[in-house]
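Student: One file: work.pdb (PDB, N, CA, C and O atoms).
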```pdb
ATOM      1  N   MET H1420      85.819  93.121 -43.455  1.00  0.00           N
ATOM      2  CA  MET H1420      86.999  92.295 -43.552  1.00  0.00           C
ATOM      3  C   MET H1420      88.186  93.165 -43.955  1.00  0.00           C
ATOM      4  O   MET H1420      88.107  93.980 -44.865  1.00  0.00           O
ATOM      5  N   SER H1421      89.297  92.984 -43.299  1.00  0.00           N
ATOM      6  CA  SER H1421      90.502  93.731 -43.589  1.00  0.00           C
ATOM      7  C   SER H1421      91.164  93.205 -44.866  1.00  0.00           C
ATOM      8  O   SER H1421      91.120  92.014 -45.152  1.00  0.00           O
ATOM      9  N   HIS H1422      91.750  94.122 -45.626  1.00  0.00           N
ATOM     10  CA  HIS H1422      92.462  93.746 -46.841  1.00  0.00           C
ATOM     11  C   HIS H1422      93.545  94.789 -47.095  1.00  0.00           C
ATOM     12  O   HIS H1422      93.524  95.874 -46.508  1.00  0.00           O
ATOM     13  N   PRO H1423      94.498  94.485 -47.954  1.00  0.00           N
ATOM     14  CA  PRO H1423      95.621  95.403 -48.166  1.00  0.00           C
ATOM     15  C   PRO H1423      95.297  96.637 -49.017  1.00  0.00           C
ATOM     16  O   PRO H1423      96.192  97.422 -49.301  1.00  0.00           O
ATOM     17  N   TYR H1424      94.063  96.818 -49.386  1.00  0.00           N
ATOM     18  CA  TYR H1424      93.700  97.924 -50.276  1.00  0.00           C
ATOM     19  C   TYR H1424      92.799  98.954 -49.583  1.00  0.00           C
ATOM     20  O   TYR H1424      92.121  99.733 -50.253  1.00  0.00           O
ATOM     21  N   GLU H1425      92.817  98.978 -48.274  1.00  0.00           N
ATOM     22  CA  GLU H1425      91.910  99.848 -47.517  1.00  0.00           C
ATOM     23  C   GLU H1425      92.097 101.327 -47.834  1.00  0.00           C
ATOM     24  O   GLU H1425      91.159 102.106 -47.694  1.00  0.00           O
ATOM     25  N   GLN H1426      93.286 101.735 -48.291  1.00  0.00           N
ATOM     26  CA  GLN H1426      93.524 103.151 -48.596  1.00  0.00           C
ATOM     27  C   GLN H1426      92.654 103.637 -49.754  1.00  0.00           C
ATOM     28  O   GLN H1426      92.438 104.833 -49.903  1.00  0.00           O
ATOM     29  N   PHE H1427      92.139 102.714 -50.553  1.00  0.00           N
ATOM     30  CA  PHE H1427      91.297 103.100 -51.683  1.00  0.00           C
ATOM     31  C   PHE H1427      89.811 103.160 -51.329  1.00  0.00           C
ATOM     32  O   PHE H1427      89.029 103.754 -52.070  1.00  0.00           O
ATOM     33  N   GLU H1428      89.426 102.555 -50.222  1.00  0.00           N
ATOM     34  CA  GLU H1428      88.006 102.523 -49.851  1.00  0.00           C
ATOM     35  C   GLU H1428      87.461 103.938 -49.685  1.00  0.00           C
ATOM     36  O   GLU H1428      88.115 104.807 -49.137  1.00  0.00           O
ATOM     37  N   GLY H1429      86.260 104.155 -50.186  1.00  0.00           N
ATOM     38  CA  GLY H1429      85.601 105.451 -50.055  1.00  0.00           C
ATOM     39  C   GLY H1429      86.028 106.475 -51.091  1.00  0.00           C
ATOM     40  O   GLY H1429      85.509 107.583 -51.096  1.00  0.00           O
ATOM     41  N   THR H1430      86.943 106.103 -51.971  1.00  0.00           N
ATOM     42  CA  THR H1430      87.364 107.037 -53.021  1.00  0.00           C
ATOM     43  C   THR H1430      86.400 106.941 -54.205  1.00  0.00           C
ATOM     44  O   THR H1430      85.705 105.931 -54.373  1.00  0.00           O
ATOM     45  N   PRO H1431      86.368 107.965 -55.047  1.00  0.00           N
ATOM     46  CA  PRO H1431      85.524 107.885 -56.243  1.00  0.00           C
ATOM     47  C   PRO H1431      85.899 106.693 -57.132  1.00  0.00           C
ATOM     48  O   PRO H1431      85.017 106.069 -57.731  1.00  0.00           O
ATOM     49  N   LEU H1432      87.185 106.385 -57.217  1.00  0.00           N
ATOM     50  CA  LEU H1432      87.627 105.242 -58.013  1.00  0.00           C
ATOM     51  C   LEU H1432      87.046 103.951 -57.459  1.00  0.00           C
ATOM     52  O   LEU H1432      86.509 103.125 -58.202  1.00  0.00           O
ATOM     53  N   TRP H1433      87.146 103.771 -56.153  1.00  0.00           N
ATOM     54  CA  TRP H1433      86.587 102.579 -55.495  1.00  0.00           C
ATOM     55  C   TRP H1433      85.098 102.473 -55.789  1.00  0.00           C
ATOM     56  O   TRP H1433      84.605 101.414 -56.165  1.00  0.00           O
ATOM     57  N   ASP H1434      84.392 103.575 -55.597  1.00  0.00           N
ATOM     58  CA  ASP H1434      82.938 103.570 -55.788  1.00  0.00           C
ATOM     59  C   ASP H1434      82.553 103.203 -57.219  1.00  0.00           C
ATOM     60  O   ASP H1434      81.609 102.439 -57.435  1.00  0.00           O
ATOM     61  N   ALA H1435      83.289 103.735 -58.201  1.00  0.00           N
ATOM     62  CA  ALA H1435      82.978 103.451 -59.602  1.00  0.00           C
ATOM     63  C   ALA H1435      83.232 101.982 -59.933  1.00  0.00           C
ATOM     64  O   ALA H1435      82.404 101.332 -60.587  1.00  0.00           O
ATOM     65  N   ILE H1436      84.360 101.459 -59.493  1.00  0.00           N
ATOM     66  CA  ILE H1436      84.679 100.055 -59.773  1.00  0.00           C
ATOM     67  C   ILE H1436      83.699  99.134 -59.056  1.00  0.00           C
ATOM     68  O   ILE H1436      83.219  98.155 -59.634  1.00  0.00           O
ATOM     69  N   ASN H1437      83.382  99.448 -57.824  1.00  0.00           N
ATOM     70  CA  ASN H1437      82.440  98.630 -57.060  1.00  0.00           C
ATOM     71  C   ASN H1437      81.070  98.601 -57.749  1.00  0.00           C
ATOM     72  O   ASN H1437      80.443  97.545 -57.859  1.00  0.00           O
ATOM     73  N   LYS H1438      80.625  99.754 -58.251  1.00  0.00           N
ATOM     74  CA  LYS H1438      79.339  99.824 -58.965  1.00  0.00           C
ATOM     75  C   LYS H1438      79.393  98.987 -60.238  1.00  0.00           C
ATOM     76  O   LYS H1438      78.448  98.262 -60.558  1.00  0.00           O
ATOM     77  N   GLY H1439      80.501  99.079 -60.964  1.00  0.00           N
ATOM     78  CA  GLY H1439      80.643  98.290 -62.182  1.00  0.00           C
ATOM     79  C   GLY H1439      80.594  96.796 -61.907  1.00  0.00           C
ATOM     80  O   GLY H1439      79.951  96.035 -62.630  1.00  0.00           O
ATOM     81  N   ILE H1440      81.247  96.365 -60.840  1.00  0.00           N
ATOM     82  CA  ILE H1440      81.229  94.950 -60.481  1.00  0.00           C
ATOM     83  C   ILE H1440      79.834  94.542 -60.028  1.00  0.00           C
ATOM     84  O   ILE H1440      79.362  93.452 -60.364  1.00  0.00           O
ATOM     85  N   ASP H1441      79.148  95.415 -59.292  1.00  0.00           N
ATOM     86  CA  ASP H1441      77.748  95.140 -58.918  1.00  0.00           C
ATOM     87  C   ASP H1441      76.907  94.876 -60.160  1.00  0.00           C
ATOM     88  O   ASP H1441      76.158  93.902 -60.221  1.00  0.00           O
ATOM     89  N   ASP H1442      77.034  95.770 -61.147  1.00  0.00           N
ATOM     90  CA  ASP H1442      76.251  95.637 -62.380  1.00  0.00           C
ATOM     91  C   ASP H1442      76.567  94.329 -63.100  1.00  0.00           C
ATOM     92  O   ASP H1442      75.659  93.617 -63.550  1.00  0.00           O
ATOM     93  N   LEU H1443      77.848  94.014 -63.228  1.00  0.00           N
ATOM     94  CA  LEU H1443      78.247  92.776 -63.914  1.00  0.00           C
ATOM     95  C   LEU H1443      77.753  91.536 -63.174  1.00  0.00           C
ATOM     96  O   LEU H1443      77.285  90.580 -63.800  1.00  0.00           O
ATOM     97  N   ALA H1444      77.844  91.555 -61.855  1.00  0.00           N
ATOM     98  CA  ALA H1444      77.403  90.402 -61.063  1.00  0.00           C
ATOM     99  C   ALA H1444      75.882  90.231 -61.152  1.00  0.00           C
ATOM    100  O   ALA H1444      75.383  89.110 -61.273  1.00  0.00           O
ATOM    101  N   GLU H1445      75.148  91.344 -61.108  1.00  0.00           N
ATOM    102  CA  GLU H1445      73.690  91.276 -61.194  1.00  0.00           C
ATOM    103  C   GLU H1445      73.236  90.732 -62.546  1.00  0.00           C
ATOM    104  O   GLU H1445      72.210  90.061 -62.628  1.00  0.00           O
ATOM    105  N   ASN H1446      73.979  91.021 -63.598  1.00  0.00           N
ATOM    106  CA  ASN H1446      73.652  90.539 -64.949  1.00  0.00           C
ATOM    107  C   ASN H1446      74.205  89.155 -65.222  1.00  0.00           C
ATOM    108  O   ASN H1446      74.092  88.650 -66.341  1.00  0.00           O
ATOM    109  N   ASN H1447      74.829  88.549 -64.214  1.00  0.00           N
ATOM    110  CA  ASN H1447      75.478  87.239 -64.351  1.00  0.00           C
ATOM    111  C   ASN H1447      76.581  87.238 -65.402  1.00  0.00           C
ATOM    112  O   ASN H1447      76.826  86.226 -66.046  1.00  0.00           O
ATOM    113  N   ASP H1448      77.230  88.392 -65.578  1.00  0.00           N
ATOM    114  CA  ASP H1448      78.355  88.479 -66.503  1.00  0.00           C
ATOM    115  C   ASP H1448      79.650  88.013 -65.841  1.00  0.00           C
ATOM    116  O   ASP H1448      80.580  87.623 -66.541  1.00  0.00           O
ATOM    117  N   ILE H1449      79.705  88.104 -64.517  1.00  0.00           N
ATOM    118  CA  ILE H1449      80.860  87.611 -63.777  1.00  0.00           C
ATOM    119  C   ILE H1449      80.381  86.872 -62.531  1.00  0.00           C
ATOM    120  O   ILE H1449      79.263  87.098 -62.056  1.00  0.00           O
ATOM    121  N   GLU H1450      81.226  86.007 -62.032  1.00  0.00           N
ATOM    122  CA  GLU H1450      80.966  85.304 -60.780  1.00  0.00           C
ATOM    123  C   GLU H1450      82.142  85.578 -59.858  1.00  0.00           C
ATOM    124  O   GLU H1450      83.291  85.318 -60.215  1.00  0.00           O
ATOM    125  N   GLU H1451      81.852  86.145 -58.707  1.00  0.00           N
ATOM    126  CA  GLU H1451      82.903  86.480 -57.749  1.00  0.00           C
ATOM    127  C   GLU H1451      83.248  85.262 -56.902  1.00  0.00           C
ATOM    128  O   GLU H1451      82.377  84.674 -56.276  1.00  0.00           O
ATOM    129  N   THR H1452      84.529  84.935 -56.887  1.00  0.00           N
ATOM    130  CA  THR H1452      84.991  83.832 -56.040  1.00  0.00           C
ATOM    131  C   THR H1452      85.977  84.331 -54.986  1.00  0.00           C
ATOM    132  O   THR H1452      86.502  83.546 -54.208  1.00  0.00           O
ATOM    133  N   THR H1453      86.217  85.624 -54.979  1.00  0.00           N
ATOM    134  CA  THR H1453      87.106  86.279 -54.027  1.00  0.00           C
ATOM    135  C   THR H1453      86.334  87.410 -53.372  1.00  0.00           C
ATOM    136  O   THR H1453      85.416  87.970 -53.969  1.00  0.00           O
ATOM    137  N   SER H1454      86.730  87.772 -52.169  1.00  0.00           N
ATOM    138  CA  SER H1454      86.093  88.867 -51.447  1.00  0.00           C
ATOM    139  C   SER H1454      86.079  90.143 -52.290  1.00  0.00           C
ATOM    140  O   SER H1454      87.060  90.481 -52.957  1.00  0.00           O
ATOM    141  N   ARG H1455      84.960  90.846 -52.272  1.00  0.00           N
ATOM    142  CA  ARG H1455      84.790  92.057 -53.074  1.00  0.00           C
ATOM    143  C   ARG H1455      85.887  93.084 -52.780  1.00  0.00           C
ATOM    144  O   ARG H1455      86.388  93.752 -53.678  1.00  0.00           O
ATOM    145  N   GLY H1456      86.287  93.219 -51.535  1.00  0.00           N
ATOM    146  CA  GLY H1456      87.335  94.179 -51.198  1.00  0.00           C
ATOM    147  C   GLY H1456      88.638  93.918 -51.922  1.00  0.00           C
ATOM    148  O   GLY H1456      89.340  94.853 -52.326  1.00  0.00           O
ATOM    149  N   TYR H1457      88.975  92.646 -52.093  1.00  0.00           N
ATOM    150  CA  TYR H1457      90.196  92.293 -52.816  1.00  0.00           C
ATOM    151  C   TYR H1457      90.051  92.564 -54.316  1.00  0.00           C
ATOM    152  O   TYR H1457      90.999  93.013 -54.963  1.00  0.00           O
ATOM    153  N   ILE H1458      88.895  92.297 -54.863  1.00  0.00           N
ATOM    154  CA  ILE H1458      88.670  92.516 -56.294  1.00  0.00           C
ATOM    155  C   ILE H1458      88.741  94.008 -56.604  1.00  0.00           C
ATOM    156  O   ILE H1458      89.510  94.447 -57.470  1.00  0.00           O
ATOM    157  N   VAL H1459      87.944  94.792 -55.902  1.00  0.00           N
ATOM    158  CA  VAL H1459      87.900  96.235 -56.150  1.00  0.00           C
ATOM    159  C   VAL H1459      89.250  96.862 -55.822  1.00  0.00           C
ATOM    160  O   VAL H1459      89.775  97.685 -56.585  1.00  0.00           O
ATOM    161  N   GLY H1460      89.823  96.467 -54.710  1.00  0.00           N
ATOM    162  CA  GLY H1460      91.099  97.038 -54.298  1.00  0.00           C
ATOM    163  C   GLY H1460      92.211  96.777 -55.281  1.00  0.00           C
ATOM    164  O   GLY H1460      93.009  97.670 -55.591  1.00  0.00           O
ATOM    165  N   TYR H1461      92.284  95.567 -55.792  1.00  0.00           N
ATOM    166  CA  TYR H1461      93.330  95.233 -56.762  1.00  0.00           C
ATOM    167  C   TYR H1461      93.184  96.063 -58.031  1.00  0.00           C
ATOM    168  O   TYR H1461      94.165  96.585 -58.570  1.00  0.00           O
ATOM    169  N   LEU H1462      91.956  96.210 -58.514  1.00  0.00           N
ATOM    170  CA  LEU H1462      91.729  97.017 -59.709  1.00  0.00           C
ATOM    171  C   LEU H1462      92.066  98.489 -59.446  1.00  0.00           C
ATOM    172  O   LEU H1462      92.658  99.158 -60.303  1.00  0.00           O
ATOM    173  N   CYS H1463      91.731  98.996 -58.268  1.00  0.00           N
ATOM    174  CA  CYS H1463      92.107 100.368 -57.896  1.00  0.00           C
ATOM    175  C   CYS H1463      93.627 100.520 -57.904  1.00  0.00           C
ATOM    176  O   CYS H1463      94.163 101.510 -58.408  1.00  0.00           O
ATOM    177  N   LYS H1464      94.318  99.548 -57.353  1.00  0.00           N
ATOM    178  CA  LYS H1464      95.786  99.571 -57.293  1.00  0.00           C
ATOM    179  C   LYS H1464      96.369  99.616 -58.701  1.00  0.00           C
ATOM    180  O   LYS H1464      97.273 100.415 -58.982  1.00  0.00           O
ATOM    181  N   LEU H1465      95.866  98.769 -59.594  1.00  0.00           N
ATOM    182  CA  LEU H1465      96.376  98.754 -60.963  1.00  0.00           C
ATOM    183  C   LEU H1465      96.160 100.092 -61.665  1.00  0.00           C
ATOM    184  O   LEU H1465      97.058 100.602 -62.345  1.00  0.00           O
ATOM    185  N   ILE H1466      94.978 100.648 -61.515  1.00  0.00           N
ATOM    186  CA  ILE H1466      94.672 101.935 -62.148  1.00  0.00           C
ATOM    187  C   ILE H1466      95.531 103.029 -61.545  1.00  0.00           C
ATOM    188  O   ILE H1466      96.100 103.863 -62.256  1.00  0.00           O
ATOM    189  N   ASN H1467      95.670 103.028 -60.232  1.00  0.00           N
ATOM    190  CA  ASN H1467      96.479 104.028 -59.542  1.00  0.00           C
ATOM    191  C   ASN H1467      97.932 103.966 -60.008  1.00  0.00           C
ATOM    192  O   ASN H1467      98.554 104.991 -60.258  1.00  0.00           O
ATOM    193  N   GLU H1468      98.469 102.774 -60.145  1.00  0.00           N
ATOM    194  CA  GLU H1468      99.855 102.618 -60.625  1.00  0.00           C
ATOM    195  C   GLU H1468      99.994 103.073 -62.064  1.00  0.00           C
ATOM    196  O   GLU H1468     100.994 103.687 -62.425  1.00  0.00           O
ATOM    197  N   SER H1469      98.993 102.803 -62.880  1.00  0.00           N
ATOM    198  CA  SER H1469      99.021 103.201 -64.285  1.00  0.00           C
ATOM    199  C   SER H1469      99.019 104.735 -64.405  1.00  0.00           C
ATOM    200  O   SER H1469      99.761 105.302 -65.199  1.00  0.00           O
ATOM    201  N   VAL H1470      98.191 105.382 -63.605  1.00  0.00           N
ATOM    202  CA  VAL H1470      98.115 106.839 -63.629  1.00  0.00           C
ATOM    203  C   VAL H1470      99.428 107.428 -63.131  1.00  0.00           C
ATOM    204  O   VAL H1470      99.928 108.415 -63.684  1.00  0.00           O
ATOM    205  N   ALA H1471     100.017 106.824 -62.109  1.00  0.00           N
ATOM    206  CA  ALA H1471     101.277 107.330 -61.561  1.00  0.00           C
ATOM    207  C   ALA H1471     102.403 107.244 -62.593  1.00  0.00           C
ATOM    208  O   ALA H1471     103.271 108.113 -62.649  1.00  0.00           O
ATOM    209  N   LYS H1472     102.401 106.211 -63.422  1.00  0.00           N
ATOM    210  CA  LYS H1472     103.427 106.052 -64.462  1.00  0.00           C
ATOM    211  C   LYS H1472     103.317 107.154 -65.516  1.00  0.00           C
ATOM    212  O   LYS H1472     104.310 107.578 -66.097  1.00  0.00           O
ATOM    213  N   ASP H1473     102.083 107.579 -65.781  1.00  0.00           N
ATOM    214  CA  ASP H1473     101.839 108.562 -66.835  1.00  0.00           C
ATOM    215  C   ASP H1473     102.157 109.987 -66.407  1.00  0.00           C
ATOM    216  O   ASP H1473     102.162 110.882 -67.236  1.00  0.00           O
ATOM    217  N   THR H1474     102.421 110.208 -65.132  1.00  0.00           N
ATOM    218  CA  THR H1474     102.693 111.575 -64.666  1.00  0.00           C
ATOM    219  C   THR H1474     104.158 111.826 -64.493  1.00  0.00           C
ATOM    220  O   THR H1474     104.987 111.016 -64.565  1.00  0.00           O
TER
END
```
Go through the file and emit its structure as structure tokens.
Tutor:
Amino acid sequence: MSHPYEQFEGTPLWDAINKGIDDLAENNDIEETTSRGYIVGYLCKLINESVAKDT
């Protein structure tokens, strides 16, 4: 599925966040009601913007 965060797919950041969400979902700590690409992508975007501000 296409989403506005495709530039982050396949990056180490994407992989780490995706793994973390997998772990949380498997433990029933979170329930996803939005497509995984949007969840991971949005978090990647926030982190990327935060890092850019600090440089």
Student: Atom O of Asn1446 in chain H to atom C of Pro1423 in chain H: how many Å, to one decimal?
Tutor: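 Spanning atom O of Asn1446 in chain H to atom C of Pro1423 in chain H is a straight-line distance of 28.5 Å.
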Student: Could you work out how far atom C of Ala1471 in chain H lies from atom C of Lys1438 in chain H, giving the answer in Å with one decimal?
Tutor: 24.6 Å
Student: Go through chain H and collect every residue that DSSP, computed from the backbone, puts in alpha helix (DSSP H); the answer should be as a PyMOL selection string.
Tutor: chain H and resi 1431-1445+1455-1473
Student: Using only C-alpha atoms, collect all residues at a distance of at most 12 Å from (86.3, 100.6, -53.3) as written in the file, then present them as a VMD selection string.
Tutor: chain H and resid 1422 to 1441 1454 to 1464
Student: CA of Leu1465 in chain H and CA of Glu1451 in chain H, how far apart in Å?
Tutor: 18.5 Å
Student: Export range 1448-1471 of chain H from the structure block above, keeping N, CA, C and O atoms, as a compact mmCIF listing (two decimals), in the first residue's frame.
Tutor:
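Written output follows (selection38.txt):
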```
# COMPACT_ATOMS: atom_id res chain seq x y z
N ASP H 1448 0.25 -5.08 23.87
CA ASP H 1448 0.45 -3.79 24.52
C ASP H 1448 -0.16 -2.66 23.71
O ASP H 1448 -0.46 -1.61 24.26
N ILE H 1449 -0.30 -2.87 22.40
CA ILE H 1449 -0.95 -1.89 21.55
C ILE H 1449 -1.88 -2.61 20.57
O ILE H 1449 -1.70 -3.81 20.30
N GLU H 1450 -2.84 -1.89 20.07
CA GLU H 1450 -3.74 -2.40 19.04
C GLU H 1450 -3.67 -1.43 17.86
O GLU H 1450 -3.90 -0.23 18.02
N GLU H 1451 -3.30 -1.95 16.71
CA GLU H 1451 -3.17 -1.12 15.52
C GLU H 1451 -4.52 -0.95 14.85
O GLU H 1451 -5.18 -1.93 14.52
N THR H 1452 -4.89 0.30 14.63
CA THR H 1452 -6.14 0.58 13.92
C THR H 1452 -5.86 1.33 12.61
O THR H 1452 -6.78 1.69 11.90
N THR H 1453 -4.59 1.57 12.33
CA THR H 1453 -4.14 2.24 11.12
C THR H 1453 -3.11 1.35 10.45
O THR H 1453 -2.43 0.57 11.11
N SER H 1454 -2.98 1.49 9.15
CA SER H 1454 -2.00 0.72 8.39
C SER H 1454 -0.60 0.88 8.98
O SER H 1454 -0.19 1.97 9.37
N ARG H 1455 0.13 -0.22 9.07
CA ARG H 1455 1.46 -0.23 9.66
C ARG H 1455 2.39 0.79 8.98
O ARG H 1455 3.18 1.46 9.63
N GLY H 1456 2.29 0.92 7.68
CA GLY H 1456 3.15 1.88 6.98
C GLY H 1456 2.97 3.30 7.46
O GLY H 1456 3.93 4.07 7.55
N TYR H 1457 1.73 3.67 7.78
CA TYR H 1457 1.47 5.01 8.29
C TYR H 1457 2.00 5.18 9.72
O TYR H 1457 2.52 6.24 10.08
N ILE H 1458 1.87 4.16 10.53
CA ILE H 1458 2.33 4.23 11.91
C ILE H 1458 3.85 4.36 11.94
O ILE H 1458 4.41 5.28 12.54
N VAL H 1459 4.53 3.43 11.28
CA VAL H 1459 6.00 3.44 11.28
C VAL H 1459 6.51 4.69 10.59
O VAL H 1459 7.44 5.36 11.07
N GLY H 1460 5.91 5.03 9.47
CA GLY H 1460 6.36 6.19 8.71
C GLY H 1460 6.24 7.48 9.48
O GLY H 1460 7.14 8.33 9.47
N TYR H 1461 5.13 7.66 10.17
CA TYR H 1461 4.93 8.88 10.96
C TYR H 1461 5.97 8.99 12.07
O TYR H 1461 6.54 10.06 12.30
N LEU H 1462 6.24 7.89 12.75
CA LEU H 1462 7.24 7.91 13.81
C LEU H 1462 8.64 8.18 13.23
O LEU H 1462 9.42 8.94 13.82
N CYS H 1463 8.95 7.62 12.07
CA CYS H 1463 10.22 7.91 11.40
C CYS H 1463 10.32 9.40 11.08
O CYS H 1463 11.36 10.02 11.29
N LYS H 1464 9.25 9.96 10.58
CA LYS H 1464 9.21 11.39 10.22
C LYS H 1464 9.47 12.24 11.46
O LYS H 1464 10.28 13.19 11.41
N LEU H 1465 8.81 11.93 12.56
CA LEU H 1465 9.01 12.71 13.78
C LEU H 1465 10.45 12.64 14.27
O LEU H 1465 11.04 13.66 14.66
N ILE H 1466 11.02 11.45 14.27
CA ILE H 1466 12.40 11.28 14.72
C ILE H 1466 13.35 12.00 13.77
O ILE H 1466 14.27 12.70 14.20
N ASN H 1467 13.12 11.87 12.48
CA ASN H 1467 13.96 12.52 11.48
C ASN H 1467 13.93 14.03 11.65
O ASN H 1467 14.96 14.69 11.58
N GLU H 1468 12.76 14.59 11.88
CA GLU H 1468 12.64 16.04 12.09
C GLU H 1468 13.33 16.47 13.37
O GLU H 1468 13.96 17.52 13.41
N SER H 1469 13.23 15.66 14.40
CA SER H 1469 13.87 15.97 15.68
C SER H 1469 15.40 15.99 15.53
O SER H 1469 16.07 16.88 16.05
N VAL H 1470 15.93 15.02 14.82
CA VAL H 1470 17.37 14.95 14.60
C VAL H 1470 17.82 16.13 13.75
O VAL H 1470 18.87 16.73 14.02
N ALA H 1471 17.03 16.50 12.76
CA ALA H 1471 17.39 17.62 11.89
C ALA H 1471 17.44 18.93 12.67
O ALA H 1471 18.28 19.79 12.40
```
